[in-house]
Amino acid sequence: MSSKLTLILAFSLILAAAVVGLALYGRLPDPMPSHWNAAGEVDGYMSRFWGVFLLPLVTAGLTLLLFAVPFIDPLKANIAKFRRIYNAFIVGFVVYMLYVYGLTLAASLGYRFNMTLMLLPVMGLLFIGIGYLIKNAKRNFFIGIRTPWTLSSDAVWEKTHALGAKIFVASGLVILVSAFLGEIGIWLMLAVLLVALLVPVVYSYILFAQEERKAKP
């Protein structure tokens, strides 16, 4: 996916979501639900104005930030090698954020559902997308598993991301399944998140230490 098409598609989706929110403005309560606890129950509210416009604005800002990364990274030539995959990820991220926005509007209109359980399937898909992204990511300062050890060595970067990609895809599949397990699924998701975040970091250090030992005379 080209960068131009990605930019057009991403902001078209954001604009469409904002238009929907504006069209529903008069039917929405003031204040609106804005936060849910782990059980999927509303435990926070914000004014109707910010409830309608905050998430589209945040999504637009984050999208611009993601677009800026390839231009400011000192290793931008490496990002160019997987730029099309990165662009596809940006669109997927926008869809994820707007899905959350849609759920927020639906909850504000009186539809009853467990927010956490509704989020689990798309979180699973997001993790699978992250796995595919980092599988193809080349060494850079913004995208991927950035530890002191991966950033110092192409070999450590490649091996860490090969493992990390498998872990993220597997985690995504587990999160998808957890959506059907009720409250247990929430704890399963948290455990999976912990594994997905910690294991690649530890593995990158082990690989770097091995390289250091081999380099010693």
# chains A, B, ... in the order shown; residues from 1 in each chain; ligands from 1
>>> residues_around(residues="segment 136-141 of chain A", least_positions_apart="2", cutoff="10 Å", atoms="only C-alpha atoms", output="MDAnalysis selection string")
chainID A and resid 69:70 72:83 85:86 131:134 143:147 150:158 161:162 165
>>> write_last_selection(atoms="N, CA and C atoms", output="mmCIF file, in the first residue's frame")
data_model
loop_
_atom_site.group_PDB
_atom_site.id
_atom_site.type_symbol
_atom_site.label_atom_id
_atom_site.label_comp_id
_atom_site.auth_asym_id
_atom_site.auth_seq_id
_atom_site.Cartn_x
_atom_site.Cartn_y
_atom_site.Cartn_z
ATOM 1 N N VAL A 69 7.275 9.103 11.524
ATOM 2 C CA VAL A 69 8.372 8.241 11.954
ATOM 3 C C VAL A 69 9.376 7.918 10.837
ATOM 4 N N PRO A 70 8.929 7.490 9.648
ATOM 5 C CA PRO A 70 9.908 7.154 8.604
ATOM 6 C C PRO A 70 10.767 8.319 8.150
ATOM 7 N N ILE A 72 11.864 10.871 10.301
ATOM 8 C CA ILE A 72 12.745 11.370 11.352
ATOM 9 C C ILE A 72 13.692 10.310 11.897
ATOM 10 N N ASP A 73 13.457 9.051 11.547
ATOM 11 C CA ASP A 73 14.336 7.984 12.040
ATOM 12 C C ASP A 73 15.688 8.054 11.326
ATOM 13 N N PRO A 74 16.804 8.036 12.078
ATOM 14 C CA PRO A 74 18.128 8.037 11.438
ATOM 15 C C PRO A 74 18.351 6.840 10.513
ATOM 16 N N LEU A 75 17.597 5.757 10.763
ATOM 17 C CA LEU A 75 17.708 4.560 9.924
ATOM 18 C C LEU A 75 16.511 4.462 8.976
ATOM 19 N N LYS A 76 16.099 5.590 8.423
ATOM 20 C CA LYS A 76 14.916 5.633 7.559
ATOM 21 C C LYS A 76 15.061 4.723 6.344
ATOM 22 N N ALA A 77 16.292 4.468 5.897
ATOM 23 C CA ALA A 77 16.501 3.575 4.756
ATOM 24 C C ALA A 77 16.042 2.155 5.080
ATOM 25 N N ASN A 78 16.184 1.758 6.343
ATOM 26 C CA ASN A 78 15.712 0.432 6.754
ATOM 27 C C ASN A 78 14.193 0.379 6.802
ATOM 28 N N ILE A 79 13.563 1.464 7.255
ATOM 29 C CA ILE A 79 12.098 1.501 7.290
ATOM 30 C C ILE A 79 11.537 1.414 5.876
ATOM 31 N N ALA A 80 12.229 2.015 4.927
ATOM 32 C CA ALA A 80 11.767 1.979 3.533
ATOM 33 C C ALA A 80 11.640 0.547 3.023
ATOM 34 N N LYS A 81 12.413 -0.381 3.598
ATOM 35 C CA LYS A 81 12.399 -1.770 3.145
ATOM 36 C C LYS A 81 11.101 -2.487 3.517
ATOM 37 N N PHE A 82 10.401 -1.978 4.541
ATOM 38 C CA PHE A 82 9.121 -2.604 4.913
ATOM 39 C C PHE A 82 8.008 -1.557 5.006
ATOM 40 N N ARG A 83 8.156 -0.471 4.242
ATOM 41 C CA ARG A 83 7.241 0.656 4.337
ATOM 42 C C ARG A 83 5.810 0.268 3.963
ATOM 43 N N ILE A 85 4.261 -2.557 4.323
ATOM 44 C CA ILE A 85 3.662 -3.297 5.437
ATOM 45 C C ILE A 85 3.355 -2.343 6.586
ATOM 46 N N TYR A 86 4.254 -1.424 6.830
ATOM 47 C CA TYR A 86 4.045 -0.410 7.869
ATOM 48 C C TYR A 86 2.820 0.448 7.547
ATOM 49 N N GLY A 131 2.531 -8.757 14.936
ATOM 50 C CA GLY A 131 3.442 -9.869 14.674
ATOM 51 C C GLY A 131 3.938 -9.865 13.243
ATOM 52 N N TYR A 132 3.033 -9.629 12.310
ATOM 53 C CA TYR A 132 3.432 -9.598 10.896
ATOM 54 C C TYR A 132 4.333 -8.408 10.621
ATOM 55 N N LEU A 133 4.048 -7.279 11.276
ATOM 56 C CA LEU A 133 4.873 -6.083 11.082
ATOM 57 C C LEU A 133 6.295 -6.313 11.582
ATOM 58 N N ILE A 134 6.444 -6.808 12.799
ATOM 59 C CA ILE A 134 7.790 -6.947 13.351
ATOM 60 C C ILE A 134 8.557 -8.086 12.688
ATOM 61 N N ILE A 143 10.204 1.443 15.391
ATOM 62 C CA ILE A 143 9.238 0.380 15.085
ATOM 63 C C ILE A 143 9.851 -0.976 15.399
ATOM 64 N N GLY A 144 9.187 -1.737 16.258
ATOM 65 C CA GLY A 144 9.671 -3.076 16.564
ATOM 66 C C GLY A 144 10.060 -3.223 18.024
ATOM 67 N N ILE A 145 10.824 -4.248 18.321
ATOM 68 C CA ILE A 145 11.272 -4.552 19.681
ATOM 69 C C ILE A 145 12.602 -3.834 19.886
ATOM 70 N N ARG A 146 12.521 -2.633 20.434
ATOM 71 C CA ARG A 146 13.697 -1.775 20.527
ATOM 72 C C ARG A 146 14.297 -1.864 21.928
ATOM 73 N N THR A 147 15.300 -2.665 22.057
ATOM 74 C CA THR A 147 16.058 -2.752 23.305
ATOM 75 C C THR A 147 17.496 -2.320 23.004
ATOM 76 N N THR A 150 18.962 -5.150 20.747
ATOM 77 C CA THR A 150 18.539 -5.277 19.341
ATOM 78 C C THR A 150 19.062 -4.106 18.512
ATOM 79 N N LEU A 151 19.111 -2.911 19.129
ATOM 80 C CA LEU A 151 19.566 -1.737 18.388
ATOM 81 C C LEU A 151 21.070 -1.751 18.126
ATOM 82 N N SER A 152 21.790 -2.575 18.877
ATOM 83 C CA SER A 152 23.245 -2.604 18.730
ATOM 84 C C SER A 152 23.724 -3.641 17.723
ATOM 85 N N SER A 153 22.829 -4.515 17.266
ATOM 86 C CA SER A 153 23.258 -5.619 16.408
ATOM 87 C C SER A 153 22.143 -6.038 15.452
ATOM 88 N N ASP A 154 22.473 -6.087 14.169
ATOM 89 C CA ASP A 154 21.493 -6.568 13.188
ATOM 90 C C ASP A 154 21.125 -8.020 13.444
ATOM 91 N N ALA A 155 22.104 -8.832 13.842
ATOM 92 C CA ALA A 155 21.844 -10.252 14.087
ATOM 93 C C ALA A 155 20.887 -10.441 15.263
ATOM 94 N N VAL A 156 21.129 -9.696 16.338
ATOM 95 C CA VAL A 156 20.247 -9.779 17.510
ATOM 96 C C VAL A 156 18.856 -9.270 17.144
ATOM 97 N N TRP A 157 18.805 -8.191 16.364
ATOM 98 C CA TRP A 157 17.506 -7.656 15.914
ATOM 99 C C TRP A 157 16.723 -8.716 15.141
ATOM 100 N N GLU A 158 17.358 -9.324 14.158
ATOM 101 C CA GLU A 158 16.664 -10.287 13.296
ATOM 102 C C GLU A 158 16.170 -11.491 14.092
ATOM 103 N N HIS A 161 13.319 -10.501 16.538
ATOM 104 C CA HIS A 161 12.058 -10.216 15.858
ATOM 105 C C HIS A 161 11.441 -11.463 15.232
ATOM 106 N N ALA A 162 12.275 -12.419 14.869
ATOM 107 C CA ALA A 162 11.733 -13.682 14.361
ATOM 108 C C ALA A 162 10.949 -14.392 15.463
ATOM 109 N N ALA A 165 7.811 -12.114 16.536
ATOM 110 C CA ALA A 165 6.691 -12.203 15.593
ATOM 111 C C ALA A 165 5.836 -13.424 15.888
#
>>> residues_around(residues="segment 17-29 of chain A", least_positions_apart="2", cutoff="12 Å", atoms="only C-alpha atoms", output="JSON, numbers by chain")
{"A": [10, 11, 12, 13, 14, 15, 31, 32, 33, 34, 45, 46, 47, 48, 49, 50, 51, 52, 53, 54, 55, 56, 57, 58, 59, 60, 94, 95, 97, 98, 99, 100, 101, 102, 103, 104, 105, 106, 107, 108, 109, 110, 111]}
>>> write_last_selection(atoms="N, CA and C atoms", output="short mmCIF file (atom, residue, chain, number, x, y, z; two decimals), in the first residue's frame")
data_model
loop_
_atom_site.label_atom_id
_atom_site.label_comp_id
_atom_site.auth_asym_id
_atom_site.auth_seq_id
_atom_site.Cartn_x
_atom_site.Cartn_y
_atom_site.Cartn_z
N ALA A 10 -6.72 6.53 5.58
CA ALA A 10 -6.76 6.72 7.03
C ALA A 10 -7.60 7.94 7.40
N PHE A 11 -7.37 9.05 6.73
CA PHE A 11 -8.09 10.26 7.11
C PHE A 11 -9.52 10.27 6.58
N SER A 12 -9.79 9.53 5.54
CA SER A 12 -11.18 9.37 5.09
C SER A 12 -11.98 8.62 6.14
N LEU A 13 -11.38 7.58 6.71
CA LEU A 13 -12.04 6.80 7.76
C LEU A 13 -12.27 7.65 9.01
N ILE A 14 -11.26 8.42 9.39
CA ILE A 14 -11.39 9.28 10.57
C ILE A 14 -12.47 10.33 10.35
N LEU A 15 -12.49 10.94 9.18
CA LEU A 15 -13.50 11.95 8.87
C LEU A 15 -14.89 11.35 8.87
N PRO A 31 -23.18 13.78 30.56
CA PRO A 31 -21.93 13.26 29.99
C PRO A 31 -22.11 11.90 29.34
N MET A 32 -21.06 11.49 28.58
CA MET A 32 -21.03 10.19 27.90
C MET A 32 -20.10 9.24 28.62
N PRO A 33 -20.35 7.92 28.51
CA PRO A 33 -19.38 6.95 29.02
C PRO A 33 -18.04 7.12 28.31
N SER A 34 -16.97 7.06 29.09
CA SER A 34 -15.64 7.26 28.50
C SER A 34 -14.61 6.24 28.96
N TYR A 45 -16.82 8.99 32.96
CA TYR A 45 -17.62 9.75 31.99
C TYR A 45 -16.86 11.01 31.56
N MET A 46 -17.23 11.56 30.40
CA MET A 46 -16.73 12.85 29.97
C MET A 46 -17.84 13.61 29.27
N SER A 47 -17.63 14.89 29.04
CA SER A 47 -18.67 15.70 28.40
C SER A 47 -18.98 15.17 27.01
N ARG A 48 -20.17 15.44 26.54
CA ARG A 48 -20.60 14.96 25.22
C ARG A 48 -19.68 15.48 24.12
N PHE A 49 -19.26 16.75 24.23
CA PHE A 49 -18.40 17.33 23.19
C PHE A 49 -17.12 16.51 23.04
N TRP A 50 -16.44 16.28 24.14
CA TRP A 50 -15.19 15.52 24.07
C TRP A 50 -15.44 14.05 23.79
N GLY A 51 -16.57 13.53 24.25
CA GLY A 51 -16.91 12.14 23.95
C GLY A 51 -17.06 11.89 22.46
N VAL A 52 -17.54 12.90 21.74
CA VAL A 52 -17.74 12.78 20.29
C VAL A 52 -16.46 13.07 19.51
N PHE A 53 -15.69 14.05 19.96
CA PHE A 53 -14.59 14.52 19.13
C PHE A 53 -13.19 14.10 19.60
N LEU A 54 -13.05 13.71 20.86
CA LEU A 54 -11.70 13.43 21.37
C LEU A 54 -11.03 12.27 20.64
N LEU A 55 -11.72 11.13 20.53
CA LEU A 55 -11.09 9.95 19.93
C LEU A 55 -10.73 10.15 18.46
N PRO A 56 -11.60 10.75 17.63
CA PRO A 56 -11.17 11.05 16.26
C PRO A 56 -9.96 11.97 16.20
N LEU A 57 -9.90 12.98 17.10
CA LEU A 57 -8.76 13.88 17.12
C LEU A 57 -7.49 13.16 17.54
N VAL A 58 -7.59 12.32 18.57
CA VAL A 58 -6.43 11.54 19.02
C VAL A 58 -5.96 10.60 17.93
N THR A 59 -6.90 9.95 17.26
CA THR A 59 -6.55 9.04 16.18
C THR A 59 -5.85 9.77 15.05
N ALA A 60 -6.35 10.95 14.71
CA ALA A 60 -5.72 11.76 13.66
C ALA A 60 -4.31 12.15 14.07
N VAL A 94 -5.84 2.55 12.64
CA VAL A 94 -6.95 3.50 12.55
C VAL A 94 -8.29 2.76 12.67
N VAL A 95 -8.42 1.64 12.00
CA VAL A 95 -9.65 0.84 12.08
C VAL A 95 -9.90 0.40 13.52
N MET A 97 -8.87 1.89 16.32
CA MET A 97 -9.28 3.05 17.12
C MET A 97 -10.73 3.45 16.83
N LEU A 98 -11.12 3.37 15.58
CA LEU A 98 -12.49 3.76 15.22
C LEU A 98 -13.50 2.70 15.64
N TYR A 99 -13.06 1.47 15.75
CA TYR A 99 -13.93 0.42 16.30
C TYR A 99 -14.24 0.74 17.76
N VAL A 100 -13.20 1.14 18.51
CA VAL A 100 -13.40 1.55 19.91
C VAL A 100 -14.36 2.75 19.97
N TYR A 101 -14.17 3.68 19.05
CA TYR A 101 -15.05 4.85 18.97
C TYR A 101 -16.49 4.44 18.71
N GLY A 102 -16.67 3.50 17.79
CA GLY A 102 -18.02 3.01 17.48
C GLY A 102 -18.68 2.36 18.68
N LEU A 103 -17.90 1.58 19.44
CA LEU A 103 -18.44 0.96 20.64
C LEU A 103 -18.83 2.02 21.67
N THR A 104 -18.02 3.06 21.78
CA THR A 104 -18.33 4.15 22.72
C THR A 104 -19.65 4.83 22.36
N LEU A 105 -19.84 5.09 21.08
CA LEU A 105 -21.09 5.71 20.64
C LEU A 105 -22.27 4.78 20.89
N ALA A 106 -22.08 3.48 20.60
CA ALA A 106 -23.16 2.52 20.80
C ALA A 106 -23.55 2.44 22.28
N ALA A 107 -22.54 2.41 23.16
CA ALA A 107 -22.83 2.36 24.60
C ALA A 107 -23.56 3.62 25.04
N SER A 108 -23.19 4.76 24.48
CA SER A 108 -23.82 6.02 24.83
C SER A 108 -25.27 6.08 24.35
N LEU A 109 -25.58 5.34 23.29
CA LEU A 109 -26.95 5.30 22.77
C LEU A 109 -27.83 4.31 23.53
N GLY A 110 -27.24 3.63 24.49
CA GLY A 110 -28.03 2.74 25.33
C GLY A 110 -27.89 1.27 25.04
N TYR A 111 -27.07 0.91 24.07
CA TYR A 111 -26.85 -0.51 23.79
C TYR A 111 -26.03 -1.13 24.92
#
>>> select_by_dssp(residues="segment 31-155 of chain A", states="strand (DSSP E)", output="number ranges by chain")
A: 32-36, 42-46
>>> closest_residue(among="A:Leu5, A:Ala16, A:Ile130, A:Leu119", to="Trp36 of chain A", atoms="only C-alpha atoms")
A:Leu119
>>> residues_around(residues="segment 120-126 of chain A", least_positions_apart="4", cutoff="7 Å", atoms="only C-alpha atoms", output="list in words")
Tyr96, Thr116, Ile130, Gly172, Leu173, Ile175, Leu176 and Ala179 of chain A
>>> atom_distance(atom1="atom CA of Leu194 of chain A", atom2="atom CA of Phe113 of chain A")
26.4 Å
>>> closest_residue(among="A:Phe71, A:Phe93, A:Phe180, A:Trp149", to="Val202 of chain A", atoms="only C-alpha atoms")
A:Trp149
>>> residues_around(residues="Ser2 of chain A", least_positions_apart="2", cutoff="8 Å", atoms="only C-alpha atoms", output="list in words")
Lys4, Leu5, Thr6, Arg84 and Asn87 of chain A
>>> residues_around(residues="Gly164 of chain A", least_positions_apart="4", cutoff="9 Å", atoms="only C-alpha atoms", output="PyMOL selection string")
chain A and resi 131+134-135+145+159-160+168-169+196-197+199-200
>>> write_last_selection(atoms="N, CA and C atoms", output="PDB file, in the first residue's frame")
ATOM      1  N   GLY A 131       2.531  -8.757  14.936  1.00  0.00           N
ATOM      2  CA  GLY A 131       3.442  -9.869  14.674  1.00  0.00           C
ATOM      3  C   GLY A 131       3.938  -9.865  13.243  1.00  0.00           C
ATOM      4  N   ILE A 134       6.444  -6.808  12.799  1.00  0.00           N
ATOM      5  CA  ILE A 134       7.790  -6.947  13.351  1.00  0.00           C
ATOM      6  C   ILE A 134       8.557  -8.086  12.688  1.00  0.00           C
ATOM      7  N   LYS A 135       7.838  -9.037  12.104  1.00  0.00           N
ATOM      8  CA  LYS A 135       8.517 -10.092  11.353  1.00  0.00           C
ATOM      9  C   LYS A 135       9.301  -9.492  10.188  1.00  0.00           C
ATOM     10  N   ILE A 145      10.824  -4.248  18.321  1.00  0.00           N
ATOM     11  CA  ILE A 145      11.272  -4.552  19.681  1.00  0.00           C
ATOM     12  C   ILE A 145      12.602  -3.834  19.886  1.00  0.00           C
ATOM     13  N   LYS A 159      17.012 -12.048  14.950  1.00  0.00           N
ATOM     14  CA  LYS A 159      16.616 -13.238  15.710  1.00  0.00           C
ATOM     15  C   LYS A 159      15.528 -12.909  16.735  1.00  0.00           C
ATOM     16  N   THR A 160      15.671 -11.769  17.375  1.00  0.00           N
ATOM     17  CA  THR A 160      14.661 -11.365  18.365  1.00  0.00           C
ATOM     18  C   THR A 160      13.310 -11.133  17.706  1.00  0.00           C
ATOM     19  N   PHE A 168       3.836 -12.806  19.112  1.00  0.00           N
ATOM     20  CA  PHE A 168       2.718 -11.877  18.942  1.00  0.00           C
ATOM     21  C   PHE A 168       1.571 -12.510  18.160  1.00  0.00           C
ATOM     22  N   VAL A 169       1.894 -13.273  17.130  1.00  0.00           N
ATOM     23  CA  VAL A 169       0.829 -13.941  16.365  1.00  0.00           C
ATOM     24  C   VAL A 169       0.124 -14.967  17.244  1.00  0.00           C
ATOM     25  N   ALA A 196       4.188 -11.660  25.900  1.00  0.00           N
ATOM     26  CA  ALA A 196       4.548 -11.043  24.625  1.00  0.00           C
ATOM     27  C   ALA A 196       5.498  -9.866  24.814  1.00  0.00           C
ATOM     28  N   LEU A 197       5.379  -9.160  25.930  1.00  0.00           N
ATOM     29  CA  LEU A 197       6.220  -7.991  26.166  1.00  0.00           C
ATOM     30  C   LEU A 197       7.565  -8.349  26.782  1.00  0.00           C
ATOM     31  N   VAL A 199       9.191 -11.669  27.107  1.00  0.00           N
ATOM     32  CA  VAL A 199      10.050 -12.711  26.533  1.00  0.00           C
ATOM     33  C   VAL A 199      11.005 -12.179  25.463  1.00  0.00           C
ATOM     34  N   PRO A 200      10.545 -11.380  24.483  1.00  0.00           N
ATOM     35  CA  PRO A 200      11.491 -10.868  23.480  1.00  0.00           C
ATOM     36  C   PRO A 200      12.597 -10.002  24.083  1.00  0.00           C
TER      37      PRO A 200
END
>>> closest_residue(among="A:Leu181, A:Met118, A:Leu198, A:Ser171", to="Gly40 of chain A", atoms="only C-alpha atoms")
A:Met118
>>> select_by_dssp(residues="segment 85-206 of chain A", states="helix (DSSP H, G or I)", output="VMD selection string")
chain A and resid 85 to 108 115 to 136 148 to 151 154 to 178 183 to 206
